[in-house]
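K.L.:
Contents are compact mmCIF, C-alpha atoms and all ligand atoms; file name coords.txt:
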# COMPACT_ATOMS: atom_id res chain seq x y z
CA MET A 18 18.89 -3.67 23.71
CA ILE A 19 19.96 -1.11 21.12
CA GLN A 20 23.73 -1.12 20.61
CA LEU A 21 24.77 2.45 19.74
CA LYS A 22 27.91 2.76 17.61
CA ASN A 23 30.74 5.26 18.05
CA GLU A 24 32.39 7.08 15.15
CA LYS A 25 35.09 4.43 14.76
CA GLU A 26 32.53 1.64 14.65
CA ILE A 27 30.41 3.53 12.13
CA GLU A 28 33.56 3.91 10.03
CA GLY A 29 33.89 0.11 10.10
CA ILE A 30 30.29 -0.38 8.96
CA ARG A 31 30.81 2.32 6.31
CA GLU A 32 33.75 0.32 4.97
CA SER A 33 31.63 -2.84 4.92
CA GLY A 34 28.86 -0.92 3.15
CA LYS A 35 31.30 0.34 0.55
CA TYR A 36 32.08 -3.20 -0.52
CA LEU A 37 28.39 -4.10 -0.57
CA LYS A 38 27.54 -1.07 -2.70
CA GLU A 39 30.28 -2.03 -5.19
CA LEU A 40 28.93 -5.56 -5.31
CA PHE A 41 25.50 -4.30 -6.36
CA VAL A 42 27.10 -2.25 -9.13
CA GLU A 43 28.87 -5.39 -10.36
CA LEU A 44 25.62 -7.37 -10.19
CA SER A 45 23.67 -4.73 -12.10
CA GLY A 46 26.06 -5.17 -15.02
CA ARG A 47 25.95 -8.96 -14.99
CA ILE A 48 22.45 -10.08 -14.02
CA MET A 49 20.51 -11.11 -17.13
CA ALA A 50 17.98 -13.45 -18.69
CA GLY A 51 19.14 -17.06 -18.97
CA MET A 52 21.13 -16.93 -15.73
CA SER A 53 20.04 -19.04 -12.76
CA THR A 54 19.57 -17.53 -9.32
CA PHE A 55 22.37 -19.88 -8.23
CA GLU A 56 24.70 -18.06 -10.64
CA VAL A 57 23.62 -14.70 -9.21
CA ASP A 58 24.55 -15.97 -5.74
CA LYS A 59 27.84 -17.28 -7.08
CA ILE A 60 28.84 -13.89 -8.48
CA ALA A 61 28.14 -12.34 -5.08
CA PHE A 62 29.92 -15.04 -3.10
CA GLU A 63 33.00 -14.95 -5.37
CA TYR A 64 33.14 -11.17 -4.97
CA MET A 65 33.00 -11.48 -1.19
CA LYS A 66 35.77 -14.05 -1.14
CA LYS A 67 37.92 -12.02 -3.52
CA HIS A 68 37.60 -8.95 -1.28
CA LYS A 69 38.03 -10.90 1.97
CA CYS A 70 34.49 -10.24 3.11
CA GLY A 71 32.33 -12.67 5.05
CA ALA A 72 28.84 -13.87 4.12
CA PRO A 73 26.86 -13.96 7.38
CA CYS A 74 23.76 -15.44 5.68
CA LEU A 75 25.62 -18.64 4.81
CA GLY A 76 24.82 -21.05 7.64
CA TYR A 77 22.50 -18.61 9.44
CA TYR A 78 19.95 -21.05 10.94
CA ASP A 79 21.39 -23.41 8.30
CA TYR A 80 20.54 -21.07 5.41
CA PRO A 81 22.41 -22.63 2.44
CA ALA A 82 23.64 -19.58 0.47
CA ALA A 83 25.40 -16.22 0.69
CA THR A 84 22.45 -14.24 -0.64
CA CYS A 85 18.68 -14.34 -1.01
CA VAL A 86 17.45 -14.07 -4.61
CA SER A 87 13.69 -13.59 -4.82
CA VAL A 88 11.94 -13.65 -8.20
CA ASN A 89 8.48 -12.20 -9.00
CA ASP A 90 5.97 -13.57 -6.43
CA THR A 91 8.77 -14.51 -4.03
CA VAL A 92 8.86 -11.67 -1.51
CA ILE A 93 12.05 -12.53 0.42
CA HIS A 94 14.40 -15.37 1.35
CA GLY A 95 14.44 -16.96 -2.10
CA ILE A 96 17.06 -19.71 -1.94
CA PRO A 97 19.42 -19.49 -4.94
CA SER A 98 18.78 -22.44 -7.24
CA LYS A 99 20.12 -23.87 -10.49
CA LYS A 100 16.50 -24.58 -11.40
CA ILE A 101 15.30 -20.98 -11.22
CA ILE A 102 16.28 -19.37 -14.53
CA LEU A 103 15.80 -15.64 -14.98
CA LYS A 104 13.79 -14.55 -17.97
CA GLU A 105 12.81 -11.31 -19.66
CA GLY A 106 10.14 -9.50 -17.63
CA ASP A 107 11.22 -10.88 -14.26
CA LEU A 108 11.57 -8.75 -11.14
CA VAL A 109 14.51 -10.00 -9.05
CA SER A 110 15.38 -8.87 -5.52
CA VAL A 111 18.90 -9.62 -4.39
CA ASP A 112 19.33 -9.29 -0.61
CA ILE A 113 22.92 -9.39 0.61
CA THR A 114 24.42 -9.17 4.07
CA LEU A 115 28.19 -8.61 4.05
CA GLU A 116 30.81 -8.66 6.81
CA LYS A 117 34.14 -6.84 6.64
CA ASN A 118 36.55 -6.78 9.61
CA GLY A 119 33.71 -7.81 11.91
CA PHE A 120 31.32 -5.09 10.71
CA ILE A 121 28.06 -5.98 9.00
CA SER A 122 26.04 -4.17 6.36
CA ASP A 123 22.83 -5.33 4.71
CA SER A 124 21.16 -4.14 1.51
CA THR A 125 18.68 -5.24 -1.15
CA HIS A 126 18.39 -4.11 -4.75
CA THR A 127 15.62 -5.16 -7.10
CA TYR A 128 16.58 -5.63 -10.73
CA GLU A 129 14.32 -5.66 -13.79
CA ILE A 130 15.30 -8.31 -16.33
CA GLY A 131 15.00 -6.75 -19.77
CA ASN A 132 11.67 -5.06 -20.32
CA VAL A 133 9.16 -5.61 -17.54
CA SER A 134 5.48 -4.72 -17.68
CA GLU A 135 4.55 -1.18 -16.71
CA ASP A 136 2.81 -2.24 -13.48
CA VAL A 137 5.86 -4.24 -12.38
CA HIS A 138 8.18 -1.33 -13.19
CA LEU A 139 5.99 1.02 -11.14
CA LEU A 140 6.02 -1.42 -8.21
CA ASN A 141 9.81 -1.38 -8.34
CA VAL A 142 10.15 2.39 -8.62
CA ARG A 143 7.64 3.02 -5.84
CA THR A 144 9.16 0.48 -3.45
CA GLU A 145 12.58 2.06 -3.87
CA LYS A 146 10.98 5.47 -3.40
CA ALA A 147 9.29 4.23 -0.19
CA LEU A 148 12.73 3.26 1.12
CA TYR A 149 14.10 6.76 0.45
CA ILE A 150 11.03 8.36 2.02
CA GLY A 151 11.66 6.27 5.15
CA ILE A 152 15.34 7.23 5.18
CA GLU A 153 14.54 10.92 4.83
CA LYS A 154 12.05 10.72 7.69
CA ALA A 155 14.60 8.97 9.89
CA GLY A 156 16.95 11.93 9.36
CA GLU A 157 14.48 14.51 10.70
CA SER A 158 15.28 15.74 14.19
CA GLY A 159 13.26 14.07 16.93
CA ALA A 160 12.08 11.31 14.58
CA ARG A 161 10.57 8.18 16.11
CA LEU A 162 10.15 4.68 14.71
CA HIS A 163 6.46 5.34 14.02
CA ASP A 164 7.39 8.34 11.87
CA ILE A 165 9.39 6.10 9.53
CA ALA A 166 6.59 3.53 9.44
CA TYR A 167 3.90 6.15 8.83
CA ALA A 168 5.88 7.81 6.04
CA ILE A 169 6.33 4.50 4.20
CA GLU A 170 2.80 3.29 4.84
CA SER A 171 1.03 6.46 3.76
CA TYR A 172 3.11 6.70 0.59
CA ILE A 173 2.47 3.05 -0.36
CA ASN A 174 -1.23 2.94 0.54
CA GLN A 175 -2.18 5.40 -2.21
CA PHE A 176 -1.28 2.75 -4.79
CA GLY A 177 -3.39 0.00 -3.21
CA TYR A 178 -0.33 -2.19 -2.67
CA GLY A 179 0.07 -4.57 0.27
CA ILE A 180 2.76 -3.94 2.89
CA VAL A 181 4.23 -7.16 4.26
CA ARG A 182 3.72 -7.19 8.03
CA GLU A 183 5.52 -10.32 9.20
CA TYR A 184 9.01 -9.02 8.36
CA CYS A 185 10.67 -5.67 8.91
CA GLY A 186 13.94 -3.77 9.18
CA HIS A 187 16.33 -4.02 12.12
CA GLY A 188 19.42 -2.69 13.83
CA VAL A 189 22.65 -3.90 12.24
CA GLY A 190 26.42 -3.50 12.44
CA PHE A 191 27.85 -5.94 14.97
CA GLU A 192 25.34 -8.64 14.10
CA MET A 193 22.99 -9.20 11.17
CA HIS A 194 19.91 -8.59 13.31
CA GLU A 195 19.98 -6.22 16.27
CA ASP A 196 17.35 -4.16 18.05
CA PRO A 197 15.20 -2.28 17.29
CA LEU A 198 12.72 -3.60 14.74
CA ILE A 199 12.04 -1.03 12.02
CA TYR A 200 8.45 -1.45 10.88
CA ASN A 201 6.99 -0.45 7.54
CA TYR A 202 3.49 0.13 8.94
CA VAL A 203 2.08 1.74 12.06
CA SER A 204 0.59 -0.35 14.84
CA PRO A 205 0.12 0.44 18.53
CA GLN A 206 1.85 -2.87 19.26
CA ASN A 207 5.09 -1.69 17.67
CA THR A 208 7.64 0.16 19.78
CA ASN A 209 7.89 3.85 19.05
CA SER A 210 11.22 4.87 20.50
CA LYS A 211 13.00 8.04 19.49
CA LEU A 212 15.95 7.59 17.15
CA LYS A 213 19.33 8.33 18.71
CA LYS A 214 22.73 9.36 17.35
CA GLY A 215 24.87 6.28 16.92
CA MET A 216 22.02 4.08 15.78
CA VAL A 217 22.77 1.99 12.68
CA PHE A 218 19.84 0.17 11.13
CA CYS A 219 18.24 -1.23 8.00
CA ILE A 220 15.07 0.14 6.50
CA GLU A 221 13.59 -2.43 4.14
CA PRO A 222 10.07 -2.08 2.74
CA MET A 223 8.65 -5.32 1.31
CA ILE A 224 5.75 -4.35 -0.94
CA ASN A 225 3.28 -6.61 -2.73
CA MET A 226 1.37 -5.58 -5.84
CA GLY A 227 -1.74 -7.29 -4.46
CA THR A 228 -2.60 -8.55 -1.01
CA HIS A 229 -0.20 -7.99 1.91
CA LYS A 230 -0.69 -11.65 2.81
CA ILE A 231 2.17 -14.07 2.38
CA LYS A 232 2.77 -17.80 2.54
CA GLU A 233 5.89 -19.64 3.58
CA LEU A 234 7.07 -22.66 1.62
CA ASP A 235 8.00 -26.05 3.05
CA ASP A 236 11.71 -25.36 2.45
CA GLY A 237 11.50 -23.30 5.63
CA TRP A 238 12.68 -20.08 3.93
CA THR A 239 10.94 -18.97 0.75
CA VAL A 240 8.27 -16.35 1.38
CA LYS A 241 5.75 -15.83 -1.43
CA THR A 242 2.77 -13.58 -1.93
CA ALA A 243 -0.48 -15.38 -1.05
CA ASP A 244 -2.13 -14.30 -4.32
CA GLY A 245 0.80 -15.05 -6.63
CA LYS A 246 1.19 -11.40 -7.69
CA PRO A 247 4.67 -9.85 -7.78
CA ALA A 248 6.47 -8.38 -4.78
CA CYS A 249 9.37 -5.99 -4.41
CA HIS A 250 12.02 -5.31 -1.75
CA TRP A 251 14.60 -2.57 -1.30
CA GLU A 252 16.93 -2.14 1.66
CA HIS A 253 19.71 0.13 2.87
CA THR A 254 21.86 0.26 5.99
CA VAL A 255 21.81 3.78 7.43
CA ALA A 256 23.54 5.51 10.34
CA LEU A 257 22.34 8.43 12.43
CA THR A 258 25.37 10.64 13.11
CA ASN A 259 26.05 14.22 14.19
CA SER A 260 25.67 15.29 10.60
CA GLY A 261 22.29 13.56 10.16
CA ILE A 262 21.29 10.41 8.37
CA GLU A 263 23.88 8.69 6.20
CA ILE A 264 23.27 5.81 3.81
CA LEU A 265 26.13 3.35 4.31
CA THR A 266 25.24 1.02 1.47
N1 LIG B 1 19.39 -9.97 4.74
C1 LIG B 1 18.18 -10.34 5.42
C2 LIG B 1 17.63 -9.14 6.14
O1 LIG B 1 17.46 -8.14 5.50
C3 LIG B 1 18.25 -11.57 6.24
C4 LIG B 1 18.82 -12.71 5.53
S1 LIG B 1 18.10 -14.17 6.00
C5 LIG B 1 19.31 -15.31 5.69
O2 LIG B 1 17.37 -9.08 7.31
F1 LIG B 1 18.84 -16.43 5.99
F2 LIG B 1 19.68 -15.21 4.42
F3 LIG B 1 20.34 -15.05 6.44
CO CO B 2 18.86 -7.90 3.95
CO CO B 3 17.81 -6.55 6.64
As structure tokens, what does this structure read like?

P.N.:
Amino acid sequence: MIQLKNEKEIEGIRESGKYLKELFVELSGRIMAGMSTFEVDKIAFEYMKKHKCGAPCLGYYDYPAATCVSVNDTVIHGIPSKKIILKEGDLVSVDITLEKNGFISDSTHTYEIGNVSEDVHLLNVRTEKALYIGIEKAGESGARLHDIAYAIESYINQFGYGIVREYCGHGVGFEMHEDPLIYNYVSPQNTNSKLKKGMVFCIEPMINMGTHKIKELDDGWTVKTADGKPACHWEHTVALTNSGIEILT
């Protein structure tokens, strides 16, 4: 069931998103080679505590951290670790879900550590661009879920990249994961409902440089590309209001 949000509720999620956006600005200035992914998580968790925000990921199905930090061939759900040390040339996705006064926002930024190779940089730029193409499509009047998916898929396909199929975007706001699912590719099996005012959801393309296929590690979380090539992930929480689409993160 899709839980539509009224203006007051959207204001609450906007406030949550404001903190999350600030957190990414802080991270962009601090993330660097030599730092472990555990330290990246620590910066985020300390920020959340300092600003009296909750970390819904922590303890979610026993997930052990506040954030997911996914390096290079890790697509999503990288568990922060003291053993994973960032180095020049790495591509690092930081996925953070934040709660403020009961309202939840969710966003992912991918950072380049120092100079990355040209093909990795392009993967990053194009994945972020795919997110914005999806957001723009969602703001068009009468847009349906398939329109978002088609816009992302057709943009990404021209580069020969793989679009991860097992994971997708979702409604958000009261809980971390609400209906509907927001797919990044078109399939007749996926629901194609019309977007409605009051919907708040995450669009989050997960794009692999090589095959779309993934593998899940024995830790029960880490998702890697099947071919070991790099992957990228960008995510925003958006709201559909009377004045159109608004990015809340
Ligand atoms: N933030 C993720 C999403 O975009 C989910 C986090 S999984 C968790 O849907 F285990 F970290 F909670
Ligand atoms: Co997320
Ligand atoms: Co999400």

K.L.:
Extract, using only C-alpha atoms, all DNA, RNA and protein residues at most 10 Å from range 252-255 of chain A, discarding same-chain residues fewer than 6 positions from it, and format them as a PyMOL selection string.

P.N.:
chain A and resi 27+30-31+34+38+110-114+121-127+144-145+148-149+152+155-156+186-190+216-223+262-266

K.L.:
Just the residues within 7 Å of Val92 in chain A, please, counting only C-alpha atoms, with nothing from its chain fewer than 4 positions along; format it as a ChimeraX atom specification.

P.N.:
/A:87,223,240-242,248-249

K.L.:
Would you output that residue set with C-alpha atoms, as a compact mmCIF listing (two decimals), in the coordinates of the input?

P.N.:
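Below you can see selection-v2.txt, which holds the result:
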# COMPACT_ATOMS: atom_id res chain seq x y z
CA SER A 87 13.69 -13.59 -4.82
CA MET A 223 8.65 -5.32 1.31
CA VAL A 240 8.27 -16.35 1.38
CA LYS A 241 5.75 -15.83 -1.43
CA THR A 242 2.77 -13.58 -1.93
CA ALA A 248 6.47 -8.38 -4.78
CA CYS A 249 9.37 -5.99 -4.41

K.L.:
Can you sort out the box for ligand LIG 1 (chain B), edges along x, y and z, all listed atoms in, 6 Å on every side, with centre and edge lengths in Å to one decimal, as JSON?

P.N.:
{"center_x": 18.9, "center_y": -12.3, "center_z": 5.9, "size_x": 15.0, "size_y": 20.3, "size_z": 14.9}

K.L.:
Here is a test: counting all atoms listed in the file, which residue of A:His94, A:Lys100, A:His68, A:Arg47 is nearest to ligand CO 3 (chain B)?

P.N.:
A:His94

K.L.:
Quote the spacing between CA of Lys214 in chain A and CA of His250 in chain A in Å to one decimal place.

P.N.:
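According to the coordinates, CA of Lys214 in chain A and CA of His250 in chain A are separated by 26.4 Å.
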
K.L.:
Between A:Pro97, A:Pro81, A:Met193, A:Ile130, which is the closest to Leu115 in chain A once you count only C-alpha atoms?

P.N.:
A:Met193

K.L.:
What is the distance between CA of Glu32 in chain A and CA of Ile48 in chain A, in Å to one decimal?

P.N.:
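Computing it gives 24.4 Å between the two atoms.
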
K.L.:
Work out how far CA of Lys69 in chain A is from CA of Tyr36 in chain A, in Å to one decimal.

P.N.:
10.0 Å

K.L.:
If we count all atoms listed in the file, what is near Gly215 in chain A at a cut-off of 6 Å, once residues fewer than 2 positions away on the same chain are taken out, given as a PyMOL selection string?

P.N.:
chain A and resi 21-22+257-258

K.L.:
Can I get the selected residues back with C-alpha atoms, as a PDB file, in the frame of the given file?

P.N.:
ATOM      1  CA  LEU A  21      24.770   2.450  19.740  1.00  0.00           C
ATOM      2  CA  LYS A  22      27.910   2.760  17.610  1.00  0.00           C
ATOM      3  CA  LEU A 257      22.340   8.430  12.430  1.00  0.00           C
ATOM      4  CA  THR A 258      25.370  10.640  13.110  1.00  0.00           C
TER       5      THR A 258
END

K.L.:
Measuring atom to atom with all atoms listed in the file, identify which of A:Lys246, A:Lys211, A:His194, A:His229 is nearest to ligand LIG 1 (chain B).

P.N.:
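When distances to ligand LIG 1 (chain B) are compared using all atoms listed in the file, the smallest one comes from A:His194.
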
K.L.:
Do a neighbour search on Ser204 in chain A at 12 Å with all atoms listed in the file, toss out local chain neighbours closer than 2 positions, and write the hits as a PyMOL selection string.

P.N.:
chain A and resi 162-164+166-167+170+182+199-202+206-209

K.L.:
Considering all atoms listed in the file, return as a PyMOL selection string whatever protein or nucleic-acid residues lie within 6 Å of Gly95 in chain A, sequence-local ones (same chain, fewer than 2 positions apart) excluded.

P.N.:
chain A and resi 85-87+93+239

K.L.:
I'd like to know which of A:Ala50, A:Val181, A:Leu75, A:Cys70 is closest to ligand LIG 1 (chain B), using all atoms listed in the file.

P.N.:
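Smallest distance to ligand LIG 1 (chain B) is found for A:Leu75.
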
K.L.:
From the options A:Ser45, A:Glu157, A:Lys104, A:Ile165, which residue's atoms come nearest to Ser260 in chain A, counting only C-alpha atoms?

P.N.:
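Looking at the shortest contact to Ser260 in chain A, the residue is A:Glu157.
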
K.L.:
With only C-alpha atoms and all ligand atoms as the basis for distance, which of A:Ala168, A:His138, A:Asp107, A:Ala83 is at the shortest distance from ligand LIG 1 (chain B)?

P.N.:
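For ligand LIG 1 (chain B), the nearest of the candidates is A:Ala83.
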